[in-house]
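Text of the file model02.cif, holding mmCIF, C-alpha atoms:
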```cif
data_data
#
loop_
_atom_site.label_atom_id
_atom_site.label_comp_id
_atom_site.auth_asym_id
_atom_site.auth_seq_id
_atom_site.Cartn_x
_atom_site.Cartn_y
_atom_site.Cartn_z
CA MET A 25 73.01 -9.70 10.57
CA ILE A 26 69.96 -8.72 8.59
CA THR A 27 67.25 -6.68 10.27
CA LEU A 28 63.80 -6.64 8.73
CA THR A 29 61.95 -3.37 8.17
CA PRO A 30 58.37 -3.05 9.49
CA VAL A 31 56.95 -3.92 6.05
CA GLU A 32 59.31 -6.88 5.74
CA ARG A 33 58.24 -8.06 9.19
CA ASP A 34 54.60 -7.91 8.00
CA ILE A 35 55.52 -9.97 4.93
CA HIS A 36 57.49 -12.41 7.06
CA SER A 37 54.64 -12.84 9.54
CA HIS A 38 52.07 -13.46 6.82
CA LEU A 39 54.24 -15.96 4.96
CA LEU A 40 55.17 -17.70 8.19
CA LEU A 41 51.50 -18.20 9.01
CA LEU A 42 50.86 -19.69 5.55
CA ALA A 43 53.86 -22.01 5.85
CA LYS A 44 52.82 -23.21 9.31
CA GLU A 45 49.30 -23.98 8.07
CA GLY A 46 50.51 -25.59 4.85
CA ASP A 47 50.27 -29.26 3.98
CA PRO A 48 53.69 -30.80 3.22
CA ALA A 49 51.96 -33.29 0.90
CA ASN A 50 50.57 -30.41 -1.18
CA PRO A 51 52.61 -27.28 -0.50
CA ALA A 52 51.70 -25.46 -3.72
CA GLY A 53 47.99 -25.98 -3.17
CA SER A 54 47.97 -25.28 0.55
CA ALA A 55 50.51 -22.56 1.30
CA CYS A 56 51.19 -20.45 -1.79
CA ILE A 57 49.92 -16.94 -2.28
CA THR A 58 50.09 -14.70 -5.34
CA TYR A 59 52.00 -11.43 -5.36
CA LYS A 60 48.66 -9.66 -5.59
CA GLY A 61 47.23 -11.67 -2.69
CA LEU A 62 50.24 -10.90 -0.53
CA GLY A 63 50.03 -7.22 -1.46
CA LYS A 64 46.40 -7.08 -0.41
CA ALA A 65 47.14 -8.98 2.81
CA ILE A 66 49.89 -6.64 3.97
CA ASP A 67 48.43 -3.41 2.54
CA PRO A 68 44.63 -3.89 2.41
CA GLU A 69 43.92 -0.17 2.01
CA GLY A 70 46.36 0.15 -0.90
CA ARG A 71 48.32 2.95 0.75
CA ASN A 72 51.59 1.69 -0.73
CA PRO A 73 50.97 1.07 -4.45
CA GLY A 74 54.49 -0.31 -4.98
CA MET A 75 53.61 -3.07 -2.54
CA SER A 76 49.93 -3.69 -3.18
CA ARG A 77 49.52 -3.23 -6.95
CA PRO A 78 51.29 -4.52 -10.04
CA PRO A 79 54.11 -4.34 -10.95
CA PHE A 80 54.93 -4.68 -7.19
CA ARG A 81 58.27 -2.86 -7.51
CA MET A 82 58.69 -2.49 -3.76
CA MET A 83 57.55 -6.01 -2.93
CA PHE A 84 60.31 -7.84 -4.79
CA PRO A 85 63.25 -6.39 -2.83
CA SER A 86 61.31 -6.94 0.41
CA LEU A 87 60.67 -10.59 -0.46
CA GLY A 88 64.34 -11.02 -1.25
CA HIS A 89 65.31 -9.49 2.07
CA VAL A 90 62.91 -11.82 3.92
CA SER A 91 64.49 -14.84 2.23
CA MET A 92 68.01 -13.60 2.93
CA TYR A 93 67.01 -13.21 6.58
CA GLU A 94 65.68 -16.77 6.66
CA VAL A 95 68.77 -18.25 5.00
CA GLU A 96 70.99 -16.29 7.39
CA HIS A 97 69.17 -18.07 10.20
CA GLY A 98 69.58 -21.50 8.60
CA ARG A 99 66.02 -21.80 7.34
CA PRO A 100 64.53 -22.27 3.86
CA MET A 101 63.62 -19.32 1.64
CA LEU A 102 60.21 -18.21 2.87
CA SER A 103 59.50 -16.26 -0.31
CA ALA A 104 59.09 -19.62 -2.07
CA LEU A 105 55.43 -19.31 -1.06
CA VAL A 106 54.83 -16.29 -3.30
CA VAL A 107 53.88 -17.16 -6.87
CA SER A 108 52.76 -15.55 -10.09
CA GLN A 109 49.03 -15.66 -10.67
CA GLU A 110 49.61 -16.61 -14.31
CA THR A 111 52.08 -19.46 -13.82
CA GLY A 112 51.50 -20.59 -10.24
CA THR A 113 55.28 -20.66 -9.75
CA ALA A 114 57.89 -18.27 -8.41
CA GLY A 115 59.15 -15.51 -10.64
CA PRO A 116 62.67 -15.52 -12.12
CA GLY A 117 63.95 -13.36 -9.26
CA PHE A 118 63.57 -16.29 -6.88
CA ALA A 119 66.20 -18.42 -8.63
CA GLU A 120 68.43 -15.37 -9.14
CA LEU A 121 68.35 -14.69 -5.41
CA ALA A 122 69.04 -18.35 -4.66
CA ARG A 123 72.15 -18.23 -6.84
CA HIS A 124 73.22 -15.01 -5.11
CA LEU A 125 72.82 -16.84 -1.78
CA GLN A 126 75.17 -19.56 -3.07
CA PHE A 127 72.55 -22.25 -3.71
CA GLU A 128 73.18 -24.53 -6.66
CA VAL A 129 70.31 -23.97 -9.06
CA GLU A 130 70.37 -25.96 -12.28
CA ASP A 131 66.65 -25.90 -13.02
CA ASP A 132 64.80 -22.83 -11.70
CA GLU A 133 61.40 -24.48 -11.32
CA ALA A 134 62.74 -27.69 -9.81
CA PHE A 135 64.75 -25.68 -7.27
CA TRP A 136 61.67 -23.61 -6.39
CA ARG A 137 59.55 -26.73 -5.92
CA ARG A 138 62.16 -28.27 -3.57
CA GLU A 139 62.49 -25.04 -1.60
CA LEU A 140 58.70 -24.71 -1.37
CA GLN A 141 58.44 -28.29 -0.10
CA GLU A 142 61.21 -27.70 2.44
CA THR A 143 59.69 -24.41 3.63
CA VAL A 144 56.28 -25.95 4.31
CA ARG A 145 57.80 -29.09 5.83
CA PHE A 146 60.03 -27.03 8.12
CA TRP A 147 57.38 -24.61 9.40
CA SER A 148 54.34 -26.90 9.46
CA ALA A 149 56.21 -29.28 11.76
CA ASN A 150 55.83 -26.55 14.41
CA ASP A 151 58.90 -27.94 16.14
CA PRO A 152 60.98 -25.36 18.04
CA VAL A 153 63.91 -27.78 18.08
CA LEU A 154 64.07 -27.60 14.26
CA VAL A 155 64.27 -23.81 14.46
CA VAL A 156 67.09 -23.90 17.00
CA ASP A 157 68.90 -26.67 15.13
CA ALA A 158 68.72 -24.68 11.89
CA ALA A 159 70.25 -21.64 13.59
CA VAL A 160 73.00 -23.69 15.23
CA ASP A 161 73.77 -25.47 11.95
CA ARG A 162 74.10 -22.09 10.24
CA VAL A 163 76.49 -20.81 12.91
CA LEU A 164 78.57 -23.99 12.70
CA GLU A 165 78.78 -23.63 8.92
CA GLU A 166 79.96 -20.02 9.30
CA LEU A 167 82.60 -21.11 11.83
CA LYS A 168 83.75 -23.84 9.45
CA GLN A 169 84.20 -21.25 6.69
CA ILE A 170 86.10 -18.92 9.03
CA LYS A 171 88.34 -21.78 10.11
CA ALA A 172 89.09 -22.66 6.48
CA LEU A 173 89.94 -19.02 5.70
CA LEU A 174 92.24 -18.78 8.72
CA ARG A 175 94.03 -21.98 7.74
CA LYS A 176 94.39 -20.68 4.21
CA ARG A 177 95.92 -17.43 5.49
CA GLY A 178 98.29 -19.30 7.80
CA ALA A 179 99.52 -21.60 5.04
#
```

Could you render the structure from this file as structure tokens?
Amino acid sequence: MITLTPVERDIHSHLLLLAKEGDPANPAGSACITYKGLGKAIDPEGRNPGMSRPPFRMMFPSLGHVSMYEVEHGRPMLSALVVSQETGTAGPGFAELARHLQFEVEDDEAFWRRELQETVRFWSANDPVLVVDAAVDRVLEELKQIKALLRKRGA
């Protein structure tokens, strides 16, 4: 099980708020934040330059950890909300992380757009049943994989 650090919890909380307030019909326009904007939101005094100023070296691993935490709990990748100021899309690390997490990613931008849509849809619904269902679905999937491994070993 992944445990978030205090900084990662701050990132998670801020992104969760944006996702909950986002509009599923326009997720990019309503819920996204730039790396710089997120850095300023979680470190307004600039005490941690690796988090609050380019090139954001400390932010990227933290964003990845937040998304791994979310996926572990059966939810979409929350870091989909964080975009480059220049392109308005996720950086290349987003798709790399998705592949690492066993998602099928054929087109980086198309995958990001779907994950962004799903993230805002999931959290803006403000439905606790969805949260519980996502966690249960994740546990059931893990059990299915364990069962398959045990059968494979027994064969």

For CA of Trp147 (chain A) and CA of Lys44 (chain A), determine how far apart the two atoms are, in Å to one decimal place.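 Pair CA of Trp147 (chain A) / CA of Lys44 (chain A) returns 4.8 Å.
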
Mind pulling up the distance from CA of His36 (chain A) to CA of Glu139 (chain A)?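 So the two atoms, CA of Glu139 (chain A) and CA of His36 (chain A), lie 16.1 Å apart.
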
Looking at A:Gly98, A:Pro48, A:Gly74, A:Gly112, which one is nearest to Val31 (chain A), with distances taken over all atoms listed in the file?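 Among A:Gly98, A:Pro48, A:Gly74, A:Gly112, it is A:Gly74 that comes nearest to Val31 (chain A).
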
Nearest candidate to Pro51 (chain A) (options A:Ala104, A:Leu121, A:Ala134, A:Val95; using all atoms listed in the file):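 Looking at the shortest contact to Pro51 (chain A), the residue is A:Ala104.
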
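Using only C-alpha atoms, the shortest contact distance between His124 (chain A) and any of A:Val156, A:Ala65, A:Met92, A:Leu164 is found at A:Met92.
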
Provide the CA of Pro30 (chain A) to CA of Lys60 (chain A) distance in Å, to one decimal place.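 Straight-line distance from CA of Pro30 (chain A) to CA of Lys60 (chain A) works out to 19.1 Å.
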
Ranking A:Ile170, A:Leu62, A:Leu28, A:Met75 by minimum distance to Leu42 (chain A) and counting all atoms listed in the file, which one comes first?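 The closest residue to Leu42 (chain A) is A:Leu62.
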
Report the residues retrieved by the PyMOL selection byres ((chain A and resi 86) around 10) from the displayed file, expressed as a list of chain:residue names.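 After applying the PyMOL selection byres ((chain A and resi 86) around 10), what remains is A:Leu28, A:Thr29, A:Val31, A:Glu32, A:Arg33, A:Ile35, A:His36, A:Met75, A:Arg81, A:Met82, A:Met83, A:Phe84, A:Pro85, A:Leu87, A:Gly88, A:His89, A:Val90, A:Ser91, A:Met92, A:Ser103.
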
Polymer residues at most 10 Å from Val155 (chain A), only C-alpha atoms, same-chain spacing of 4 or more positions, as an MDAnalysis selection string: chainID A and resid 97:99 146:147 150:151 159:161

If you count only C-alpha atoms, which residues fall within 9 Å of Ser108 (chain A), apart from same-chain ones fewer than 2 positions away, as a ChimeraX atom specification? /A:57-60,106,110-115

Near Thr143 (chain A), within 7 Å and counting all atoms listed in the file, which residues show up once chain neighbours fewer than 5 positions away are dropped, as a PyMOL selection string? chain A and resi 43+100-102
